[in-house]
file work_26.pdb (PDB, C-alpha atoms)
ATOM      1  CA  MET A  22      10.688  23.712  -5.285
ATOM      2  CA  PRO A  23       7.329  21.947  -5.713
ATOM      3  CA  SER A  24       4.338  24.102  -6.507
ATOM      4  CA  PHE A  25       1.450  24.644  -4.129
ATOM      5  CA  LEU A  26      -0.786  22.596  -6.455
ATOM      6  CA  ALA A  27       1.670  19.665  -6.431
ATOM      7  CA  CYS A  28       1.801  19.709  -2.631
ATOM      8  CA  MET A  29      -2.000  19.841  -2.383
ATOM      9  CA  LEU A  30      -2.389  16.903  -4.790
ATOM     10  CA  VAL A  31       0.004  14.760  -2.736
ATOM     11  CA  PHE A  32      -1.733  15.893   0.461
ATOM     12  CA  LEU A  33      -5.224  15.052  -0.831
ATOM     13  CA  GLY A  34      -4.152  11.725  -2.329
ATOM     14  CA  GLY A  35      -2.319  10.777   0.855
ATOM     15  CA  GLY A  36      -5.375  11.598   2.928
ATOM     16  CA  ALA A  37      -7.616   9.448   0.726
ATOM     17  CA  GLY A  38      -5.091   6.598   0.872
ATOM     18  CA  SER A  39      -4.883   6.870   4.657
ATOM     19  CA  LEU A  40      -8.672   6.708   4.932
ATOM     20  CA  CYS A  41      -8.679   3.568   2.774
ATOM     21  CA  ARG A  42      -5.970   2.065   4.960
ATOM     22  CA  TYR A  43      -8.071   2.789   8.050
ATOM     23  CA  ALA A  44     -11.131   1.211   6.403
ATOM     24  CA  VAL A  45      -9.118  -1.951   5.712
ATOM     25  CA  TRP A  46      -8.003  -2.012   9.351
ATOM     26  CA  LEU A  47     -11.628  -1.707  10.511
ATOM     27  CA  PHE A  48     -12.639  -4.526   8.173
ATOM     28  CA  ALA A  49      -9.800  -6.844   9.261
ATOM     29  CA  ARG A  50      -9.879  -5.967  12.969
ATOM     30  CA  PRO A  51     -11.577  -9.236  14.029
ATOM     31  CA  TRP A  52      -8.636 -11.239  12.609
ATOM     32  CA  GLN A  53      -5.810  -8.970  13.814
ATOM     33  CA  GLU A  54      -5.092 -10.689  17.131
ATOM     34  CA  LYS A  55      -2.904 -13.495  15.765
ATOM     35  CA  PHE A  56      -1.537 -11.985  12.548
ATOM     36  CA  PRO A  57      -1.362  -8.459  11.047
ATOM     37  CA  TRP A  58      -3.850  -9.143   8.225
ATOM     38  CA  ALA A  59      -4.905  -5.504   7.777
ATOM     39  CA  THR A  60      -1.397  -4.421   6.845
ATOM     40  CA  LEU A  61      -0.988  -7.301   4.411
ATOM     41  CA  ILE A  62      -4.335  -6.504   2.761
ATOM     42  CA  ALA A  63      -3.624  -2.764   2.601
ATOM     43  CA  ASN A  64      -0.158  -3.326   1.148
ATOM     44  CA  GLY A  65      -1.525  -5.750  -1.451
ATOM     45  CA  LEU A  66      -4.335  -3.410  -2.504
ATOM     46  CA  ALA A  67      -1.951  -0.436  -2.628
ATOM     47  CA  CYS A  68       0.391  -2.407  -4.881
ATOM     48  CA  LEU A  69      -2.519  -3.457  -7.097
ATOM     49  CA  ALA A  70      -3.524   0.195  -7.451
ATOM     50  CA  LEU A  71       0.107   1.176  -8.018
ATOM     51  CA  GLY A  72       0.392  -1.363 -10.831
ATOM     52  CA  ILE A  73      -2.717   0.041 -12.504
ATOM     53  CA  PHE A  74      -1.502   3.625 -12.120
ATOM     54  CA  LEU A  75       1.994   2.795 -13.420
ATOM     55  CA  GLY A  76       0.373   1.074 -16.403
ATOM     56  CA  TRP A  77      -1.558   4.247 -17.103
ATOM     57  CA  GLN A  78       1.624   6.270 -16.726
ATOM     58  CA  SER A  79       3.491   4.042 -19.212
ATOM     59  CA  GLN A  80       0.708   4.672 -21.744
ATOM     60  CA  ALA A  81       0.888   8.433 -21.116
ATOM     61  CA  VAL A  82      -2.685   8.380 -19.761
ATOM     62  CA  LEU A  83      -1.601   9.707 -16.387
ATOM     63  CA  SER A  84      -0.718  13.403 -16.288
ATOM     64  CA  ASP A  85       1.940  14.665 -13.884
ATOM     65  CA  GLN A  86      -0.802  16.038 -11.627
ATOM     66  CA  ARG A  87      -2.690  12.727 -11.556
ATOM     67  CA  ARG A  88       0.569  10.874 -10.882
ATOM     68  CA  LEU A  89       1.171  13.081  -7.844
ATOM     69  CA  LEU A  90      -2.396  12.540  -6.628
ATOM     70  CA  LEU A  91      -2.616   8.781  -7.258
ATOM     71  CA  VAL A  92       0.907   7.312  -7.194
ATOM     72  CA  THR A  93       2.721   9.563  -4.737
ATOM     73  CA  GLY A  94      -0.249  10.600  -2.611
ATOM     74  CA  PHE A  95      -2.855   7.825  -2.633
ATOM     75  CA  CYS A  96      -0.533   4.812  -2.847
ATOM     76  CA  GLY A  97       1.895   6.418  -0.391
ATOM     77  CA  GLY A  98      -0.907   6.978   2.118
ATOM     78  CA  PHE A  99      -2.476   3.561   1.565
ATOM     79  CA  SER A 100       0.640   1.384   1.766
ATOM     80  CA  THR A 101       2.027   0.634   5.182
ATOM     81  CA  TYR A 102       5.699  -0.242   5.060
ATOM     82  CA  SER A 103       6.520   1.257   8.456
ATOM     83  CA  THR A 104       3.601  -0.560  10.093
ATOM     84  CA  PHE A 105       4.589  -3.798   8.351
ATOM     85  CA  THR A 106       8.121  -3.441   9.713
ATOM     86  CA  ALA A 107       6.946  -2.678  13.255
ATOM     87  CA  GLU A 108       4.479  -5.591  13.242
ATOM     88  CA  THR A 109       7.112  -7.995  11.938
ATOM     89  CA  TRP A 110       9.492  -6.835  14.672
ATOM     90  CA  GLY A 111       6.713  -7.208  17.248
ATOM     91  CA  LEU A 112       6.068 -10.795  16.167
ATOM     92  CA  TRP A 113       9.788 -11.547  16.446
ATOM     93  CA  GLN A 114      10.088  -9.888  19.859
ATOM     94  CA  SER A 115       7.064 -11.818  21.179
ATOM     95  CA  GLY A 116       8.728 -15.136  20.382
ATOM     96  CA  GLN A 117       6.925 -15.846  17.113
ATOM     97  CA  PRO A 118       9.765 -16.110  14.587
ATOM     98  CA  VAL A 119       7.726 -18.254  12.178
ATOM     99  CA  ALA A 120       4.901 -15.683  12.103
ATOM    100  CA  ALA A 121       7.466 -12.878  11.664
ATOM    101  CA  ALA A 122       9.082 -14.666   8.719
ATOM    102  CA  ALA A 123       5.674 -15.520   7.235
ATOM    103  CA  ASN A 124       4.634 -11.874   7.505
ATOM    104  CA  ALA A 125       7.776 -10.704   5.720
ATOM    105  CA  VAL A 126       7.535 -13.321   2.960
ATOM    106  CA  LEU A 127       3.771 -12.881   2.488
ATOM    107  CA  ASN A 128       4.016  -9.096   2.255
ATOM    108  CA  LEU A 129       6.747  -9.289  -0.370
ATOM    109  CA  ALA A 130       5.030 -12.027  -2.382
ATOM    110  CA  VAL A 131       1.535 -10.517  -2.203
ATOM    111  CA  CYS A 132       2.790  -7.047  -3.109
ATOM    112  CA  LEU A 133       4.840  -8.272  -6.076
ATOM    113  CA  ILE A 134       1.915 -10.347  -7.359
ATOM    114  CA  CYS A 135      -0.559  -7.490  -6.883
ATOM    115  CA  LEU A 136       1.749  -5.043  -8.672
ATOM    116  CA  ALA A 137       2.068  -7.444 -11.606
ATOM    117  CA  VAL A 138      -1.697  -8.022 -11.700
ATOM    118  CA  GLY A 139      -2.299  -4.271 -11.615
ATOM    119  CA  LEU A 140       0.064  -3.776 -14.532
ATOM    120  CA  LYS A 141      -1.702  -6.537 -16.471
ATOM    121  CA  LEU A 142      -5.173  -5.171 -15.712
ATOM    122  CA  ASP A 143      -4.321  -1.982 -17.497
ATOM    123  CA  GLY A 144      -2.908  -3.549 -20.621
TER     124      GLY A 144
END
call {"tool": "encode", "arguments": {"input": "work_26.pdb", "output": "structure tokens"}}
result
Amino acid sequence: MPSFLACMLVFLGGGAGSLCRYAVWLFARPWQEKFPWATLIANGLACLALGIFLGWQSQAVLSDQRRLLLVTGFCGGFSTYSTFTAETWGLWQSGQPVAAAANAVLNLAVCLICLAVGLKLDG
């Protein structure tokens, strides 16, 4: 059973990540009408942060408590896989199969690249 401290760290990190996700949505709102840019940006930034945090973890710089706060909490709250899936489905349902495919491919490519960049930034 997780400790109270572990649960609070995930809770606080998730809240901070969710606030960052909301800030990205506010920033990207003017461009949201045609394509779900906010989700793509949030997913990319979350993967960049995840790469940095995993780099720290591989160098034993990240304690278990910081991993819970940053990796599980913050990155979990900041990334938006369920929103990405719903938006991709919405594009498909609205007769935009090219935009749906582009969203899926771009999210995967951007997130993989950002994770790799994050890992490189640390080392």
call {"tool": "closest_atom_pairs", "arguments": {"input": "work_26.pdb", "of": "stretch 62-143 of chain A", "to": "stretch 22-43 of chain A", "cutoff": "6 Å", "atoms": "all atoms listed in the file", "output": "CSV"}}
result
residue,atom,partner,partner_atom,distance
A:Ala63,CA,A:Arg42,CA,5.9
A:Leu89,CA,A:Val31,CA,5.5
A:Leu90,CA,A:Gly34,CA,4.7
A:Leu91,CA,A:Gly34,CA,5.9
A:Gly94,CA,A:Gly35,CA,4.0
A:Phe95,CA,A:Gly34,CA,4.1
A:Gly98,CA,A:Gly35,CA,4.2
A:Phe99,CA,A:Gly38,CA,4.1
call {"tool": "atom_distance", "arguments": {"input": "work_26.pdb", "atom1": "atom CA of A:Val131", "atom2": "atom CA of A:Thr109"}}
result
15.4 Å
call {"tool": "resolve_selection", "arguments": {"input": "work_26.pdb", "expression": "the PyMOL selection byres ((chain A and resi 66) around 10)", "output": "JSON, numbers by chain"}}
result
{"A": [41, 42, 45, 60, 61, 62, 63, 64, 65, 67, 68, 69, 70, 71, 72, 96, 99, 100, 131, 132, 135, 136, 139]}
call {"tool": "residues_around", "arguments": {"input": "work_26.pdb", "residues": "A:Phe105", "least_positions_apart": "3", "cutoff": "12 Å", "atoms": "all atoms listed in the file", "output": "PyMOL selection string"}}
result
chain A and resi 56-65+100-102+108-112+121-129
call {"tool": "atom_distance", "arguments": {"input": "work_26.pdb", "atom1": "atom CA of A:Pro118", "atom2": "atom CA of A:Ile134"}}
result
24.0 Å
call {"tool": "atom_distance", "arguments": {"input": "work_26.pdb", "atom1": "atom CA of A:Val138", "atom2": "atom CA of A:Lys55"}}
result
28.0 Å
call {"tool": "axis_aligned_box", "arguments": {"input": "work_26.pdb", "around": "stretch 75-89 of chain A", "padding_each_side": "8 Å", "output": "lines of an AutoDock Vina configuration file"}}
result
center_x = 0.4
center_y = 8.6
center_z = -14.8
size_x = 22.2
size_y = 31.0
size_z = 29.9
call {"tool": "closest_residue", "arguments": {"input": "work_26.pdb", "among": "A:Trp113, A:Trp52, A:Trp46, A:Phe74", "to": "A:Arg88", "atoms": "all atoms listed in the file"}}
result
A:Phe74
call {"tool": "closest_residue", "arguments": {"input": "work_26.pdb", "among": "A:Ala49, A:Leu142, A:Val119, A:Ala130", "to": "A:Ile73", "atoms": "only C-alpha atoms"}}
result
A:Leu142
call {"tool": "build_atoms", "arguments": {"input": "work_26.pdb", "residues": "stretch 60-95 of chain A", "atoms": "N, CA and C atoms", "output": "PDB file, keeping the file's coordinate frame"}}
result
ATOM      1  N   THR A  60      -2.559  -4.980   7.530  1.00  0.00           N
ATOM      2  CA  THR A  60      -1.397  -4.421   6.845  1.00  0.00           C
ATOM      3  C   THR A  60      -1.116  -5.181   5.559  1.00  0.00           C
ATOM      4  N   LEU A  61      -1.203  -6.496   5.609  1.00  0.00           N
ATOM      5  CA  LEU A  61      -0.988  -7.301   4.411  1.00  0.00           C
ATOM      6  C   LEU A  61      -2.021  -6.948   3.338  1.00  0.00           C
ATOM      7  N   ILE A  62      -3.281  -6.837   3.726  1.00  0.00           N
ATOM      8  CA  ILE A  62      -4.335  -6.504   2.761  1.00  0.00           C
ATOM      9  C   ILE A  62      -4.120  -5.103   2.196  1.00  0.00           C
ATOM     10  N   ALA A  63      -3.835  -4.140   3.067  1.00  0.00           N
ATOM     11  CA  ALA A  63      -3.624  -2.764   2.601  1.00  0.00           C
ATOM     12  C   ALA A  63      -2.421  -2.682   1.665  1.00  0.00           C
ATOM     13  N   ASN A  64      -1.333  -3.344   2.016  1.00  0.00           N
ATOM     14  CA  ASN A  64      -0.158  -3.326   1.148  1.00  0.00           C
ATOM     15  C   ASN A  64      -0.457  -3.963  -0.202  1.00  0.00           C
ATOM     16  N   GLY A  65      -1.171  -5.093  -0.191  1.00  0.00           N
ATOM     17  CA  GLY A  65      -1.525  -5.750  -1.451  1.00  0.00           C
ATOM     18  C   GLY A  65      -2.405  -4.876  -2.317  1.00  0.00           C
ATOM     19  N   LEU A  66      -3.436  -4.285  -1.735  1.00  0.00           N
ATOM     20  CA  LEU A  66      -4.335  -3.410  -2.504  1.00  0.00           C
ATOM     21  C   LEU A  66      -3.613  -2.162  -3.010  1.00  0.00           C
ATOM     22  N   ALA A  67      -2.723  -1.604  -2.187  1.00  0.00           N
ATOM     23  CA  ALA A  67      -1.951  -0.436  -2.628  1.00  0.00           C
ATOM     24  C   ALA A  67      -1.051  -0.797  -3.802  1.00  0.00           C
ATOM     25  N   CYS A  68      -0.467  -1.972  -3.776  1.00  0.00           N
ATOM     26  CA  CYS A  68       0.391  -2.407  -4.881  1.00  0.00           C
ATOM     27  C   CYS A  68      -0.425  -2.708  -6.131  1.00  0.00           C
ATOM     28  N   LEU A  69      -1.628  -3.249  -5.957  1.00  0.00           N
ATOM     29  CA  LEU A  69      -2.519  -3.457  -7.097  1.00  0.00           C
ATOM     30  C   LEU A  69      -2.850  -2.113  -7.745  1.00  0.00           C
ATOM     31  N   ALA A  70      -3.236  -1.141  -6.934  1.00  0.00           N
ATOM     32  CA  ALA A  70      -3.524   0.195  -7.451  1.00  0.00           C
ATOM     33  C   ALA A  70      -2.288   0.801  -8.101  1.00  0.00           C
ATOM     34  N   LEU A  71      -1.137   0.646  -7.466  1.00  0.00           N
ATOM     35  CA  LEU A  71       0.107   1.176  -8.018  1.00  0.00           C
ATOM     36  C   LEU A  71       0.391   0.571  -9.387  1.00  0.00           C
ATOM     37  N   GLY A  72       0.181  -0.724  -9.530  1.00  0.00           N
ATOM     38  CA  GLY A  72       0.392  -1.363 -10.831  1.00  0.00           C
ATOM     39  C   GLY A  72      -0.515  -0.778 -11.900  1.00  0.00           C
ATOM     40  N   ILE A  73      -1.783  -0.562 -11.549  1.00  0.00           N
ATOM     41  CA  ILE A  73      -2.717   0.041 -12.504  1.00  0.00           C
ATOM     42  C   ILE A  73      -2.260   1.452 -12.872  1.00  0.00           C
ATOM     43  N   PHE A  74      -1.916   2.242 -11.871  1.00  0.00           N
ATOM     44  CA  PHE A  74      -1.502   3.625 -12.120  1.00  0.00           C
ATOM     45  C   PHE A  74      -0.208   3.691 -12.936  1.00  0.00           C
ATOM     46  N   LEU A  75       0.753   2.807 -12.638  1.00  0.00           N
ATOM     47  CA  LEU A  75       1.994   2.795 -13.420  1.00  0.00           C
ATOM     48  C   LEU A  75       1.736   2.355 -14.857  1.00  0.00           C
ATOM     49  N   GLY A  76       0.772   1.446 -15.047  1.00  0.00           N
ATOM     50  CA  GLY A  76       0.373   1.074 -16.403  1.00  0.00           C
ATOM     51  C   GLY A  76      -0.191   2.265 -17.153  1.00  0.00           C
ATOM     52  N   TRP A  77      -1.026   3.037 -16.476  1.00  0.00           N
ATOM     53  CA  TRP A  77      -1.558   4.247 -17.103  1.00  0.00           C
ATOM     54  C   TRP A  77      -0.442   5.226 -17.428  1.00  0.00           C
ATOM     55  N   GLN A  78       0.511   5.349 -16.507  1.00  0.00           N
ATOM     56  CA  GLN A  78       1.624   6.270 -16.726  1.00  0.00           C
ATOM     57  C   GLN A  78       2.456   5.837 -17.925  1.00  0.00           C
ATOM     58  N   SER A  79       2.684   4.527 -18.086  1.00  0.00           N
ATOM     59  CA  SER A  79       3.491   4.042 -19.212  1.00  0.00           C
ATOM     60  C   SER A  79       2.791   4.275 -20.541  1.00  0.00           C
ATOM     61  N   GLN A  80       1.469   4.401 -20.520  1.00  0.00           N
ATOM     62  CA  GLN A  80       0.708   4.672 -21.744  1.00  0.00           C
ATOM     63  C   GLN A  80       0.424   6.163 -21.908  1.00  0.00           C
ATOM     64  N   ALA A  81       1.050   6.980 -21.090  1.00  0.00           N
ATOM     65  CA  ALA A  81       0.888   8.433 -21.116  1.00  0.00           C
ATOM     66  C   ALA A  81      -0.557   8.858 -20.859  1.00  0.00           C
ATOM     67  N   VAL A  82      -1.313   8.043 -20.125  1.00  0.00           N
ATOM     68  CA  VAL A  82      -2.685   8.380 -19.761  1.00  0.00           C
ATOM     69  C   VAL A  82      -2.703   9.203 -18.475  1.00  0.00           C
ATOM     70  N   LEU A  83      -1.666   9.061 -17.692  1.00  0.00           N
ATOM     71  CA  LEU A  83      -1.601   9.707 -16.387  1.00  0.00           C
ATOM     72  C   LEU A  83      -0.782  10.987 -16.492  1.00  0.00           C
ATOM     73  N   SER A  84      -1.429  12.125 -16.274  1.00  0.00           N
ATOM     74  CA  SER A  84      -0.718  13.403 -16.288  1.00  0.00           C
ATOM     75  C   SER A  84       0.175  13.496 -15.048  1.00  0.00           C
ATOM     76  N   ASP A  85       1.074  14.467 -15.044  1.00  0.00           N
ATOM     77  CA  ASP A  85       1.940  14.665 -13.884  1.00  0.00           C
ATOM     78  C   ASP A  85       1.118  14.947 -12.630  1.00  0.00           C
ATOM     79  N   GLN A  86       0.038  15.725 -12.776  1.00  0.00           N
ATOM     80  CA  GLN A  86      -0.802  16.038 -11.627  1.00  0.00           C
ATOM     81  C   GLN A  86      -1.504  14.782 -11.105  1.00  0.00           C
ATOM     82  N   ARG A  87      -2.020  13.955 -11.992  1.00  0.00           N
ATOM     83  CA  ARG A  87      -2.690  12.727 -11.556  1.00  0.00           C
ATOM     84  C   ARG A  87      -1.696  11.747 -10.947  1.00  0.00           C
ATOM     85  N   ARG A  88      -0.470  11.733 -11.462  1.00  0.00           N
ATOM     86  CA  ARG A  88       0.569  10.874 -10.882  1.00  0.00           C
ATOM     87  C   ARG A  88       0.850  11.291  -9.445  1.00  0.00           C
ATOM     88  N   LEU A  89       0.949  12.592  -9.204  1.00  0.00           N
ATOM     89  CA  LEU A  89       1.171  13.081  -7.844  1.00  0.00           C
ATOM     90  C   LEU A  89       0.008  12.707  -6.936  1.00  0.00           C
ATOM     91  N   LEU A  90      -1.215  12.849  -7.417  1.00  0.00           N
ATOM     92  CA  LEU A  90      -2.396  12.540  -6.628  1.00  0.00           C
ATOM     93  C   LEU A  90      -2.505  11.041  -6.340  1.00  0.00           C
ATOM     94  N   LEU A  91      -2.349  10.215  -7.378  1.00  0.00           N
ATOM     95  CA  LEU A  91      -2.616   8.781  -7.258  1.00  0.00           C
ATOM     96  C   LEU A  91      -1.409   7.959  -6.830  1.00  0.00           C
ATOM     97  N   VAL A  92      -0.272   8.140  -7.482  1.00  0.00           N
ATOM     98  CA  VAL A  92       0.907   7.312  -7.194  1.00  0.00           C
ATOM     99  C   VAL A  92       1.586   7.787  -5.908  1.00  0.00           C
ATOM    100  N   THR A  93       1.991   9.052  -5.898  1.00  0.00           N
ATOM    101  CA  THR A  93       2.721   9.563  -4.737  1.00  0.00           C
ATOM    102  C   THR A  93       1.803   9.712  -3.531  1.00  0.00           C
ATOM    103  N   GLY A  94       0.656  10.336  -3.722  1.00  0.00           N
ATOM    104  CA  GLY A  94      -0.249  10.600  -2.611  1.00  0.00           C
ATOM    105  C   GLY A  94      -1.036   9.389  -2.166  1.00  0.00           C
ATOM    106  N   PHE A  95      -1.952   8.901  -3.030  1.00  0.00           N
ATOM    107  CA  PHE A  95      -2.855   7.825  -2.633  1.00  0.00           C
ATOM    108  C   PHE A  95      -2.103   6.547  -2.259  1.00  0.00           C
TER     109      PHE A  95
END
